[in-house]
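Take a look at the structure below.
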Amino acid sequence: MSEAESLWYSGTWIDRVPQWVSITFFGLSFLGVWWFVAGMEFVSPVLLPGPGETFSELWDVTQNIFSGGHIAEALWITSQEVFWGFLAAAVSGFVLGVVVGETRLGQRAIMPYLVALNALPKVAFAPVFVAWFGFGVNSKIVMAMFIAFFPVIVDTAAGLASTDSDALMLFESMESSRWQTLRQLKLPSALPFIFAGLKTAAVFSVVGAVVGEYLGGGKGLGELIRLSAQTLRIDRVFAMIVYLGVIGILLFGVVAWTERKLLFWQESEIFEIQGTG
Amino acid sequence: MAESADALLRAGQQSRPNGDEVVTISNLSKTFHKRGLTALEGVDVTLRHGTFTSVIGPSGCGKSTLLKIMAGLIPATMGEVLLNGQPVTGPRKDIGIMFQQPTLLPWRTALENVLLPIEIRSGAAAAEGASDRGRELLDLVGLEGFDHVHPFELSGGMAQRVAICRMLVTGPAILLLDEPFGALDELTREYMNFELQRICLGRDATSFMVTHAIPEAVFLGDEVLVMSARPGRIAEIVDVDLPRPRTLDMMTTPEFASLVRHVRHRLDELGAIA
Ligand SMILES: Nc1ncnc2c1ncn2[C@@H]1O[C@H](COP(=O)(O)OP(=O)(O)OP(=O)(O)O)[C@@H](O)[C@H]1O
Ligand SMILES: [Mg+2]
């Protein structure tokens, strides 16, 4: 950018710094504060390990994972739970969202139940799912799906409802059938909303799987975290939470990347905050 | 001066199209029962082949409602719209419509947007077969080579030109335009008015356009329908006896100015201008 251009540039200073610089800067500041607080030993180092201990533990965990140790197995199990939970949430949420958004029956009869169900603390169902689907991965998949599919329903329905009224009138003037209008106009217009729902679902499905593991055992990363916390290996807990985050970020990234490729007509940053319904 | 004005008027009279009645509306009324609101009452309109009719009136007087009834998008409470002798009972292929916003589908290219009405009515194969016609229309509005461009790469005026093509692609008998250039800037708007006139004259189109701009109504119209509000009625039909094609110079003539003044006074009386 030339001098003259920069005079015209209307963004704030943070826009002018490359994003990786601001991300790195903020991360380093955080580490600094952490290191300082842990070093002062306000709390016992067992309960709050510093960045050093945590990173060396992270290194051990990483080695275990890449040499195919027991943590690799747990990571693989949890990843599968998250993936299948997310997929089930995406599909069922989309279908229910279309039903709720498109039919009077859905709007008038089904939506009230969904709203009521959504208001319940969904975590409370975990023991039920364990009772129904056992201590294996199935109960976690169901839990992940159960927590993740509401935002997809709500956003899909909201997206369908937000279709531009002029465009609807235009389709009506072309004697478009209901199915044509849905396929050619409403669903494509709803895609940004649907993807917002899917991104939320990507994050929620990790929550669901881990909660399922905390409360229903199994062999996943959540169970390992629970055991480590019981033996006060907080550094190990932190290290494994990092890998939970990796699962979530990967899934989120895939969804966001798909959105960018599919919705080429709108600009969006991958790590953009988007409201969901 | 008086002589030239006279000549202008006579030329205007000669070029006054006097075609067959394309649209006949008699004693049309519309009440929105939910709100108990009478939007239109006793509206009579006759549109002759090859004429351009501008409609102007206070906001909320029922212009868009009238246009939607003519397009078969909403039913009238009383009276009916005859298009080429047939009552309009729903959307029809021979009615072309255009709104203030281009309402292009952003995931479709300009050409695909133009062909949308054909694809919806007759399927993708028919649309594919009509792509030459679509391209010709894009050429006609000066968008040569823009067929594979997506709407987000088009300016507002260009997008409205694509919308014009989409309206024309099925070869409609009548064009219904609801403030088509209301969202454009002054210069683009003026340019689009010339474009619209050129297209309408070239195709001998019968057009009905709602507008909020008095000069635009006079510039484009053979007739200006001035509407009153609550209930919406046609308060006056102003004949515009200016020759075609209308030019930029014509807009500075005393005739043009007096027509604009006349319409403005009428609107003023109707309480449209605060
Ligand atoms: N679907 C509807 N239900 C109830 N009332 C309506 C409906 N559509 C329009 N109206 C009412 O009918 C009246 C005429 O509306 P219309 O949109 O035709 O006005 P307009 O002349 O096009 O106004 P503008 O110049 O602001 O576009 C308004 O009072 C409006 O509130
Ligand atoms: Mg209107």
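Ordered as shown in the structure tokens, chains take letters A, B, and onward, while each chain numbers its residues from 1 and ligands are numbered from 1 in the order shown.
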Considering only C-alpha atoms, return as a ChimeraX atom specification whatever protein or nucleic-acid residues lie within 7 Å of Arg166 in chain B, sequence-local ones (same chain, fewer than 2 positions apart) excluded. /B:113-115,162-164,168-169
Can you write just those residues out, all heavy atoms, as a PDB file, in the first residue's frame?
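Heads up, here's the output in out-v6.pdb:
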ATOM      1  N   ASN B 113     -29.354 -16.584 -15.217  1.00  0.00           N
ATOM      2  CA  ASN B 113     -30.439 -15.803 -14.634  1.00  0.00           C
ATOM      3  C   ASN B 113     -31.460 -15.400 -15.691  1.00  0.00           C
ATOM      4  O   ASN B 113     -32.659 -15.445 -15.454  1.00  0.00           O
ATOM      5  CB  ASN B 113     -29.883 -14.554 -13.939  1.00  0.00           C
ATOM      6  CG  ASN B 113     -29.610 -14.792 -12.470  1.00  0.00           C
ATOM      7  OD1 ASN B 113     -30.539 -14.955 -11.680  1.00  0.00           O
ATOM      8  ND2 ASN B 113     -28.343 -14.844 -12.101  1.00  0.00           N
ATOM      9  N   VAL B 114     -30.953 -15.005 -16.856  1.00  0.00           N
ATOM     10  CA  VAL B 114     -31.859 -14.614 -17.940  1.00  0.00           C
ATOM     11  C   VAL B 114     -32.746 -15.795 -18.343  1.00  0.00           C
ATOM     12  O   VAL B 114     -33.931 -15.642 -18.615  1.00  0.00           O
ATOM     13  CB  VAL B 114     -31.050 -14.095 -19.151  1.00  0.00           C
ATOM     14  CG1 VAL B 114     -31.949 -13.895 -20.354  1.00  0.00           C
ATOM     15  CG2 VAL B 114     -30.343 -12.800 -18.792  1.00  0.00           C
ATOM     16  N   LEU B 115     -32.156 -16.981 -18.338  1.00  0.00           N
ATOM     17  CA  LEU B 115     -32.885 -18.164 -18.815  1.00  0.00           C
ATOM     18  C   LEU B 115     -33.755 -18.809 -17.737  1.00  0.00           C
ATOM     19  O   LEU B 115     -34.486 -19.767 -18.013  1.00  0.00           O
ATOM     20  CB  LEU B 115     -31.895 -19.196 -19.368  1.00  0.00           C
ATOM     21  CG  LEU B 115     -31.099 -18.725 -20.591  1.00  0.00           C
ATOM     22  CD1 LEU B 115     -30.059 -19.755 -20.981  1.00  0.00           C
ATOM     23  CD2 LEU B 115     -32.027 -18.427 -21.767  1.00  0.00           C
ATOM     24  N   VAL B 162     -29.734  -7.087 -16.668  1.00  0.00           N
ATOM     25  CA  VAL B 162     -29.933  -8.542 -16.723  1.00  0.00           C
ATOM     26  C   VAL B 162     -31.394  -8.865 -16.373  1.00  0.00           C
ATOM     27  O   VAL B 162     -32.027  -9.711 -17.013  1.00  0.00           O
ATOM     28  CB  VAL B 162     -28.972  -9.268 -15.756  1.00  0.00           C
ATOM     29  CG1 VAL B 162     -29.266 -10.766 -15.727  1.00  0.00           C
ATOM     30  CG2 VAL B 162     -27.532  -9.024 -16.158  1.00  0.00           C
ATOM     31  N   ALA B 163     -31.932  -8.144 -15.378  1.00  0.00           N
ATOM     32  CA  ALA B 163     -33.330  -8.374 -14.995  1.00  0.00           C
ATOM     33  C   ALA B 163     -34.273  -8.030 -16.152  1.00  0.00           C
ATOM     34  O   ALA B 163     -35.301  -8.688 -16.340  1.00  0.00           O
ATOM     35  CB  ALA B 163     -33.679  -7.548 -13.752  1.00  0.00           C
ATOM     36  N   ILE B 164     -33.917  -7.003 -16.920  1.00  0.00           N
ATOM     37  CA  ILE B 164     -34.728  -6.664 -18.104  1.00  0.00           C
ATOM     38  C   ILE B 164     -34.728  -7.850 -19.070  1.00  0.00           C
ATOM     39  O   ILE B 164     -35.776  -8.259 -19.579  1.00  0.00           O
ATOM     40  CB  ILE B 164     -34.180  -5.396 -18.799  1.00  0.00           C
ATOM     41  CG1 ILE B 164     -34.406  -4.164 -17.916  1.00  0.00           C
ATOM     42  CG2 ILE B 164     -34.856  -5.191 -20.155  1.00  0.00           C
ATOM     43  CD1 ILE B 164     -33.874  -2.871 -18.503  1.00  0.00           C
ATOM     44  N   LEU B 168     -37.760 -10.192 -20.522  1.00  0.00           N
ATOM     45  CA  LEU B 168     -38.092 -10.244 -21.952  1.00  0.00           C
ATOM     46  C   LEU B 168     -37.991 -11.649 -22.542  1.00  0.00           C
ATOM     47  O   LEU B 168     -38.516 -11.906 -23.619  1.00  0.00           O
ATOM     48  CB  LEU B 168     -37.160  -9.310 -22.736  1.00  0.00           C
ATOM     49  CG  LEU B 168     -37.286  -7.813 -22.458  1.00  0.00           C
ATOM     50  CD1 LEU B 168     -36.218  -7.052 -23.219  1.00  0.00           C
ATOM     51  CD2 LEU B 168     -38.675  -7.311 -22.830  1.00  0.00           C
ATOM     52  N   VAL B 169     -37.308 -12.559 -21.852  1.00  0.00           N
ATOM     53  CA  VAL B 169     -36.893 -13.804 -22.500  1.00  0.00           C
ATOM     54  C   VAL B 169     -38.057 -14.685 -22.940  1.00  0.00           C
ATOM     55  O   VAL B 169     -37.950 -15.431 -23.910  1.00  0.00           O
ATOM     56  CB  VAL B 169     -35.899 -14.582 -21.597  1.00  0.00           C
ATOM     57  CG1 VAL B 169     -36.620 -15.320 -20.474  1.00  0.00           C
ATOM     58  CG2 VAL B 169     -35.071 -15.542 -22.424  1.00  0.00           C
TER      59      VAL B 169
END
Got a sec to check which residues lie within 12 Å of ligand 2, using only C-alpha atoms and all ligand atoms, and send them as an mmCIF file with N, CA and C atoms, in the first residue's frame?
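Printed below is selection_16.cif as written:
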data_model
loop_
_atom_site.group_PDB
_atom_site.id
_atom_site.type_symbol
_atom_site.label_atom_id
_atom_site.label_comp_id
_atom_site.auth_asym_id
_atom_site.auth_seq_id
_atom_site.Cartn_x
_atom_site.Cartn_y
_atom_site.Cartn_z
ATOM 1 N N ASP A 166 -39.308 -10.496 -2.807
ATOM 2 C CA ASP A 166 -39.371 -10.199 -4.250
ATOM 3 C C ASP A 166 -38.999 -11.431 -5.067
ATOM 4 N N ALA B 39 -57.505 -0.922 -0.688
ATOM 5 C CA ALA B 39 -56.304 -0.400 -1.336
ATOM 6 C C ALA B 39 -56.643 0.212 -2.698
ATOM 7 N N VAL B 55 -47.172 5.217 -14.029
ATOM 8 C CA VAL B 55 -48.104 5.367 -12.918
ATOM 9 C C VAL B 55 -47.383 6.056 -11.791
ATOM 10 N N ILE B 56 -48.000 7.102 -11.267
ATOM 11 C CA ILE B 56 -47.366 7.831 -10.180
ATOM 12 C C ILE B 56 -48.437 8.144 -9.154
ATOM 13 N N GLY B 57 -48.045 8.208 -7.893
ATOM 14 C CA GLY B 57 -49.037 8.485 -6.859
ATOM 15 C C GLY B 57 -48.397 8.428 -5.499
ATOM 16 N N PRO B 58 -49.119 8.908 -4.482
ATOM 17 C CA PRO B 58 -48.552 8.919 -3.140
ATOM 18 C C PRO B 58 -48.179 7.513 -2.684
ATOM 19 N N SER B 59 -47.214 7.444 -1.802
ATOM 20 C CA SER B 59 -46.788 6.152 -1.273
ATOM 21 C C SER B 59 -47.966 5.473 -0.569
ATOM 22 N N GLY B 60 -48.144 4.207 -0.863
ATOM 23 C CA GLY B 60 -49.221 3.446 -0.217
ATOM 24 C C GLY B 60 -50.563 3.595 -0.897
ATOM 25 N N CYS B 61 -50.613 4.201 -2.091
ATOM 26 C CA CYS B 61 -51.902 4.402 -2.756
ATOM 27 C C CYS B 61 -52.331 3.164 -3.524
ATOM 28 N N GLY B 62 -51.495 2.146 -3.576
ATOM 29 C CA GLY B 62 -51.922 0.891 -4.195
ATOM 30 C C GLY B 62 -51.314 0.616 -5.558
ATOM 31 N N LYS B 63 -50.235 1.311 -5.898
ATOM 32 C CA LYS B 63 -49.605 1.100 -7.206
ATOM 33 C C LYS B 63 -49.080 -0.320 -7.337
ATOM 34 N N SER B 64 -48.329 -0.761 -6.329
ATOM 35 C CA SER B 64 -47.773 -2.120 -6.385
ATOM 36 C C SER B 64 -48.891 -3.156 -6.348
ATOM 37 N N THR B 65 -49.922 -2.867 -5.575
ATOM 38 C CA THR B 65 -51.057 -3.784 -5.506
ATOM 39 C C THR B 65 -51.697 -3.933 -6.879
ATOM 40 N N LEU B 66 -51.889 -2.809 -7.567
ATOM 41 C CA LEU B 66 -52.472 -2.848 -8.912
ATOM 42 C C LEU B 66 -51.592 -3.684 -9.843
ATOM 43 N N LEU B 67 -50.295 -3.450 -9.747
ATOM 44 C CA LEU B 67 -49.359 -4.181 -10.604
ATOM 45 C C LEU B 67 -49.384 -5.679 -10.315
ATOM 46 N N LYS B 68 -49.476 -6.030 -9.039
ATOM 47 C CA LYS B 68 -49.518 -7.455 -8.677
ATOM 48 C C LYS B 68 -50.807 -8.103 -9.151
ATOM 49 N N MET B 98 -40.889 -6.933 -13.370
ATOM 50 C CA MET B 98 -39.584 -6.482 -12.891
ATOM 51 C C MET B 98 -39.780 -5.592 -11.662
ATOM 52 N N PHE B 99 -38.872 -5.738 -10.700
ATOM 53 C CA PHE B 99 -39.011 -4.999 -9.448
ATOM 54 C C PHE B 99 -37.897 -3.972 -9.266
ATOM 55 N N GLN B 100 -37.987 -3.285 -8.117
ATOM 56 C CA GLN B 100 -36.977 -2.271 -7.793
ATOM 57 C C GLN B 100 -35.591 -2.895 -7.636
ATOM 58 N N GLN B 101 -35.559 -4.070 -7.028
ATOM 59 C CA GLN B 101 -34.289 -4.793 -6.899
ATOM 60 C C GLN B 101 -34.175 -5.777 -8.060
ATOM 61 N N LEU B 177 -43.534 -3.017 -14.636
ATOM 62 C CA LEU B 177 -42.303 -2.603 -13.965
ATOM 63 C C LEU B 177 -42.656 -1.819 -12.708
ATOM 64 N N ASP B 178 -42.182 -2.302 -11.563
ATOM 65 C CA ASP B 178 -42.467 -1.613 -10.300
ATOM 66 C C ASP B 178 -41.223 -0.872 -9.832
ATOM 67 N N GLU B 179 -41.201 0.424 -10.083
ATOM 68 C CA GLU B 179 -40.044 1.267 -9.747
ATOM 69 C C GLU B 179 -38.730 0.609 -10.139
ATOM 70 N N PRO B 180 -38.574 0.261 -11.405
ATOM 71 C CA PRO B 180 -37.439 -0.583 -11.782
ATOM 72 C C PRO B 180 -36.078 0.072 -11.535
ATOM 73 N N GLY B 182 -35.587 2.647 -9.256
ATOM 74 C CA GLY B 182 -35.667 3.448 -8.044
ATOM 75 C C GLY B 182 -34.459 3.326 -7.137
ATOM 76 N N MET B 209 -45.426 1.093 -16.020
ATOM 77 C CA MET B 209 -44.336 1.280 -15.060
ATOM 78 C C MET B 209 -44.745 2.172 -13.892
ATOM 79 N N VAL B 210 -44.545 1.662 -12.698
ATOM 80 C CA VAL B 210 -44.750 2.451 -11.486
ATOM 81 C C VAL B 210 -43.466 3.216 -11.203
ATOM 82 N N THR B 211 -43.593 4.487 -10.879
ATOM 83 C CA THR B 211 -42.398 5.268 -10.562
ATOM 84 C C THR B 211 -42.727 6.318 -9.509
ATOM 85 N N HIS B 212 -41.684 6.836 -8.868
ATOM 86 C CA HIS B 212 -41.854 7.930 -7.912
ATOM 87 C C HIS B 212 -41.312 9.237 -8.459
#
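Proximity ranking of B:Val45, B:Met251, B:Met227, B:Met167 relative to Ile95 in chain B places B:Met167 first, based on only C-alpha atoms.
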What's the 12 Å shell around Val123 in chain A, counting only C-alpha atoms, without same-chain residues fewer than 4 positions away, as number ranges by chain? A: 117-119, 127-130, 140, 142-148, 204, 207-216
Go ahead and write the selection's residues with C-alpha atoms as a PDB file, in the first residue's frame.
ATOM      1  CA  LEU A 117     -36.863 -29.938  23.879  1.00  0.00           C
ATOM      2  CA  ASN A 118     -34.144 -27.410  23.112  1.00  0.00           C
ATOM      3  CA  ALA A 119     -34.888 -25.594  26.364  1.00  0.00           C
ATOM      4  CA  PRO A 127     -27.365 -41.459  31.429  1.00  0.00           C
ATOM      5  CA  VAL A 128     -30.492 -42.301  29.444  1.00  0.00           C
ATOM      6  CA  PHE A 129     -28.465 -42.736  26.274  1.00  0.00           C
ATOM      7  CA  VAL A 130     -25.956 -44.873  28.148  1.00  0.00           C
ATOM      8  CA  LYS A 140     -21.615 -40.943  22.665  1.00  0.00           C
ATOM      9  CA  VAL A 142     -26.194 -40.157  20.054  1.00  0.00           C
ATOM     10  CA  MET A 143     -25.218 -37.625  22.716  1.00  0.00           C
ATOM     11  CA  ALA A 144     -23.114 -35.665  20.228  1.00  0.00           C
ATOM     12  CA  MET A 145     -25.961 -35.698  17.737  1.00  0.00           C
ATOM     13  CA  PHE A 146     -28.518 -34.735  20.336  1.00  0.00           C
ATOM     14  CA  ILE A 147     -26.568 -31.676  21.449  1.00  0.00           C
ATOM     15  CA  ALA A 148     -25.551 -30.642  17.927  1.00  0.00           C
ATOM     16  CA  PHE A 204     -21.291 -28.846  19.824  1.00  0.00           C
ATOM     17  CA  VAL A 207     -19.004 -31.164  23.529  1.00  0.00           C
ATOM     18  CA  GLY A 208     -21.583 -33.926  23.193  1.00  0.00           C
ATOM     19  CA  ALA A 209     -19.039 -36.688  22.682  1.00  0.00           C
ATOM     20  CA  VAL A 210     -16.882 -35.575  25.624  1.00  0.00           C
ATOM     21  CA  VAL A 211     -19.859 -35.148  27.951  1.00  0.00           C
ATOM     22  CA  GLY A 212     -20.993 -38.607  26.888  1.00  0.00           C
ATOM     23  CA  GLU A 213     -17.593 -39.975  27.792  1.00  0.00           C
ATOM     24  CA  TYR A 214     -17.395 -38.132  31.119  1.00  0.00           C
ATOM     25  CA  LEU A 215     -20.750 -39.518  32.147  1.00  0.00           C
ATOM     26  CA  GLY A 216     -20.779 -42.828  30.311  1.00  0.00           C
TER      27      GLY A 216
END
Neighbour list for Glu223 in chain B as a PyMOL selection string, cut-off 9 Å, only C-alpha atoms, skip fewer than 3 positions in-chain: chain B and resi 51-55+217-218+220+237-241
Write a file of the just-selected residues containing N, CA, C and O atoms, as a JSON list (two decimals), in the first residue's frame.
[["chain", "number", "residue", "atom", "x", "y", "z"],
["B", 51, "THR", "N", -47.85, 0.99, -26.33],
["B", 51, "THR", "CA", -47.79, 2.23, -25.54],
["B", 51, "THR", "C", -47.05, 2.01, -24.23],
["B", 51, "THR", "O", -46.91, 0.88, -23.75],
["B", 52, "PHE", "N", -46.60, 3.12, -23.70],
["B", 52, "PHE", "CA", -45.91, 3.09, -22.40],
["B", 52, "PHE", "C", -46.74, 3.91, -21.42],
["B", 52, "PHE", "O", -47.03, 5.08, -21.67],
["B", 53, "THR", "N", -47.15, 3.28, -20.34],
["B", 53, "THR", "CA", -47.96, 3.96, -19.34],
["B", 53, "THR", "C", -47.19, 4.07, -18.04],
["B", 53, "THR", "O", -46.72, 3.06, -17.50],
["B", 54, "SER", "N", -47.04, 5.32, -17.57],
["B", 54, "SER", "CA", -46.38, 5.52, -16.28],
["B", 54, "SER", "C", -47.46, 5.71, -15.22],
["B", 54, "SER", "O", -48.51, 6.29, -15.50],
["B", 55, "VAL", "N", -47.17, 5.22, -14.03],
["B", 55, "VAL", "CA", -48.10, 5.37, -12.92],
["B", 55, "VAL", "C", -47.38, 6.06, -11.79],
["B", 55, "VAL", "O", -46.28, 5.66, -11.41],
["B", 217, "ALA", "N", -41.55, 9.69, -15.20],
["B", 217, "ALA", "CA", -42.90, 9.29, -15.63],
["B", 217, "ALA", "C", -43.26, 9.98, -16.94],
["B", 217, "ALA", "O", -43.79, 9.36, -17.87],
["B", 218, "VAL", "N", -42.94, 11.28, -17.02],
["B", 218, "VAL", "CA", -43.28, 12.04, -18.22],
["B", 218, "VAL", "C", -42.37, 11.64, -19.39],
["B", 218, "VAL", "O", -42.82, 11.45, -20.51],
["B", 220, "LEU", "N", -40.84, 8.86, -20.05],
["B", 220, "LEU", "CA", -41.07, 7.54, -20.65],
["B", 220, "LEU", "C", -42.50, 7.34, -21.13],
["B", 220, "LEU", "O", -42.75, 6.57, -22.05],
["B", 237, "ILE", "N", -55.63, 11.06, -15.96],
["B", 237, "ILE", "CA", -54.76, 10.49, -16.98],
["B", 237, "ILE", "C", -54.16, 11.64, -17.77],
["B", 237, "ILE", "O", -54.90, 12.39, -18.42],
["B", 238, "VAL", "N", -52.87, 11.82, -17.66],
["B", 238, "VAL", "CA", -52.21, 12.92, -18.36],
["B", 238, "VAL", "C", -51.61, 12.38, -19.65],
["B", 238, "VAL", "O", -50.78, 11.47, -19.63],
["B", 239, "ASP", "N", -52.05, 12.94, -20.78],
["B", 239, "ASP", "CA", -51.47, 12.55, -22.07],
["B", 239, "ASP", "C", -50.15, 13.27, -22.27],
["B", 239, "ASP", "O", -50.06, 14.46, -22.03],
["B", 240, "VAL", "N", -49.16, 12.52, -22.70],
["B", 240, "VAL", "CA", -47.86, 13.14, -22.96],
["B", 240, "VAL", "C", -47.66, 13.17, -24.47],
["B", 240, "VAL", "O", -47.33, 12.16, -25.09],
["B", 241, "ASP", "N", -47.91, 14.34, -25.05],
["B", 241, "ASP", "CA", -47.82, 14.45, -26.51],
["B", 241, "ASP", "C", -46.44, 14.91, -26.94],
["B", 241, "ASP", "O", -46.29, 15.98, -27.52]]
Contact residues (chain B, partner chain A, 6 Å, only C-alpha atoms) as a PyMOL selection string: chain B and resi 91+103+117+120
What parts of range 76-229 of chain A does DSSP call alpha helix (DSSP H)? I'd like the answer as a PyMOL selection string. chain A and resi 76-102+104-105+111-119+126-133+137-161+165-173+178-181+187-216+221-229
Could you pull out all residues of range 20-258 of chain B with a DSSP call of strand (DSSP E or B) and give them as a PyMOL selection string? chain B and resi 21-32+37-48+52-56+78-83+86-87+95-98+174-178+207-210+223-228+232-239
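With CA of Leu267 in chain B on one side and CA of Val226 in chain B on the other, the separation reads 7.3 Å.
If you count only C-alpha atoms and ignore residues fewer than 3 places along the chain from Val242 in chain A, what sits within 12 Å of it is Thr54, Phe55, Glu57, Leu58, Trp59, Val61, Thr62, Leu75, Leu221, Gly222, Ile225, Asp235, Arg236, Val237, Phe238, Ala239, Gly245, Val246, Ile247, Gly248 and Ile249 of chain A.
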With N, CA, C and O atoms kept, could you save the residues just selected as a short mmCIF file (atom, residue, chain, number, x, y, z; two decimals), in the first residue's frame?
data_model
loop_
_atom_site.label_atom_id
_atom_site.label_comp_id
_atom_site.auth_asym_id
_atom_site.auth_seq_id
_atom_site.Cartn_x
_atom_site.Cartn_y
_atom_site.Cartn_z
N THR A 54 3.20 -28.02 30.94
CA THR A 54 2.13 -28.41 30.04
C THR A 54 2.67 -28.76 28.66
O THR A 54 2.27 -29.75 28.05
N PHE A 55 3.64 -27.94 28.20
CA PHE A 55 4.15 -28.20 26.86
C PHE A 55 4.97 -29.48 26.83
O PHE A 55 4.95 -30.23 25.85
N GLU A 57 4.41 -32.03 28.69
CA GLU A 57 3.40 -33.09 28.72
C GLU A 57 2.74 -33.25 27.36
O GLU A 57 2.50 -34.36 26.87
N LEU A 58 2.49 -32.08 26.71
CA LEU A 58 1.89 -32.10 25.37
C LEU A 58 2.79 -32.86 24.42
O LEU A 58 2.34 -33.62 23.56
N TRP A 59 4.09 -32.67 24.62
CA TRP A 59 5.07 -33.37 23.79
C TRP A 59 4.98 -34.88 24.00
O TRP A 59 4.92 -35.66 23.04
N VAL A 61 2.38 -36.56 25.14
CA VAL A 61 1.10 -37.03 24.60
C VAL A 61 1.20 -37.16 23.09
O VAL A 61 0.75 -38.14 22.49
N THR A 62 1.83 -36.14 22.46
CA THR A 62 1.97 -36.17 21.01
C THR A 62 2.78 -37.38 20.57
O THR A 62 2.42 -38.08 19.61
N LEU A 75 -7.94 -41.07 21.07
CA LEU A 75 -8.19 -39.94 20.16
C LEU A 75 -9.00 -40.41 18.96
O LEU A 75 -9.93 -39.74 18.51
N LEU A 221 -11.04 -40.14 24.62
CA LEU A 221 -10.19 -39.12 25.22
C LEU A 221 -10.84 -38.54 26.48
O LEU A 221 -10.15 -38.22 27.45
N GLY A 222 -12.15 -38.41 26.46
CA GLY A 222 -12.87 -37.87 27.62
C GLY A 222 -12.65 -38.73 28.85
O GLY A 222 -12.44 -38.22 29.96
N ILE A 225 -9.18 -38.17 30.11
CA ILE A 225 -9.10 -36.88 30.81
C ILE A 225 -9.66 -37.01 32.22
O ILE A 225 -9.07 -36.53 33.19
N ASP A 235 -1.59 -31.31 34.10
CA ASP A 235 -0.81 -31.02 32.89
C ASP A 235 -1.24 -31.95 31.75
O ASP A 235 -1.41 -31.53 30.61
N ARG A 236 -1.48 -33.22 32.11
CA ARG A 236 -1.92 -34.19 31.10
C ARG A 236 -3.34 -33.85 30.61
O ARG A 236 -3.64 -33.96 29.42
N VAL A 237 -4.18 -33.43 31.56
CA VAL A 237 -5.54 -33.01 31.18
C VAL A 237 -5.46 -31.90 30.13
O VAL A 237 -6.10 -31.96 29.08
N PHE A 238 -4.63 -30.89 30.44
CA PHE A 238 -4.48 -29.78 29.49
C PHE A 238 -4.01 -30.28 28.13
O PHE A 238 -4.52 -29.90 27.09
N ALA A 239 -3.03 -31.15 28.15
CA ALA A 239 -2.46 -31.64 26.89
C ALA A 239 -3.52 -32.37 26.07
O ALA A 239 -3.60 -32.21 24.85
N GLY A 245 -9.46 -30.01 21.19
CA GLY A 245 -9.59 -28.79 20.40
C GLY A 245 -9.22 -29.02 18.95
O GLY A 245 -9.86 -28.49 18.04
N VAL A 246 -8.17 -29.83 18.74
CA VAL A 246 -7.75 -30.12 17.37
C VAL A 246 -8.89 -30.79 16.60
O VAL A 246 -9.18 -30.43 15.45
N ILE A 247 -9.58 -31.74 17.25
CA ILE A 247 -10.71 -32.40 16.60
C ILE A 247 -11.75 -31.35 16.19
O ILE A 247 -12.20 -31.30 15.05
N GLY A 248 -12.10 -30.51 17.15
CA GLY A 248 -13.13 -29.50 16.89
C GLY A 248 -12.73 -28.55 15.78
O GLY A 248 -13.50 -28.26 14.87
N ILE A 249 -11.48 -28.07 15.84
CA ILE A 249 -11.03 -27.09 14.85
C ILE A 249 -10.96 -27.73 13.46
O ILE A 249 -11.34 -27.10 12.46
#
Which residue out of A:Arg260, A:Pro112, A:Arg233, A:Ile241 has the minimum interatomic distance to Glu53 in chain A when only C-alpha atoms are used? A:Arg233
Residue contacts of Arg189 in chain B (12 Å, only C-alpha atoms) excluding same-chain residues fewer than 3 positions away, as number ranges by chain: B: 100, 156-158, 160-161, 179-186, 192-196, 211, 213, 215-216
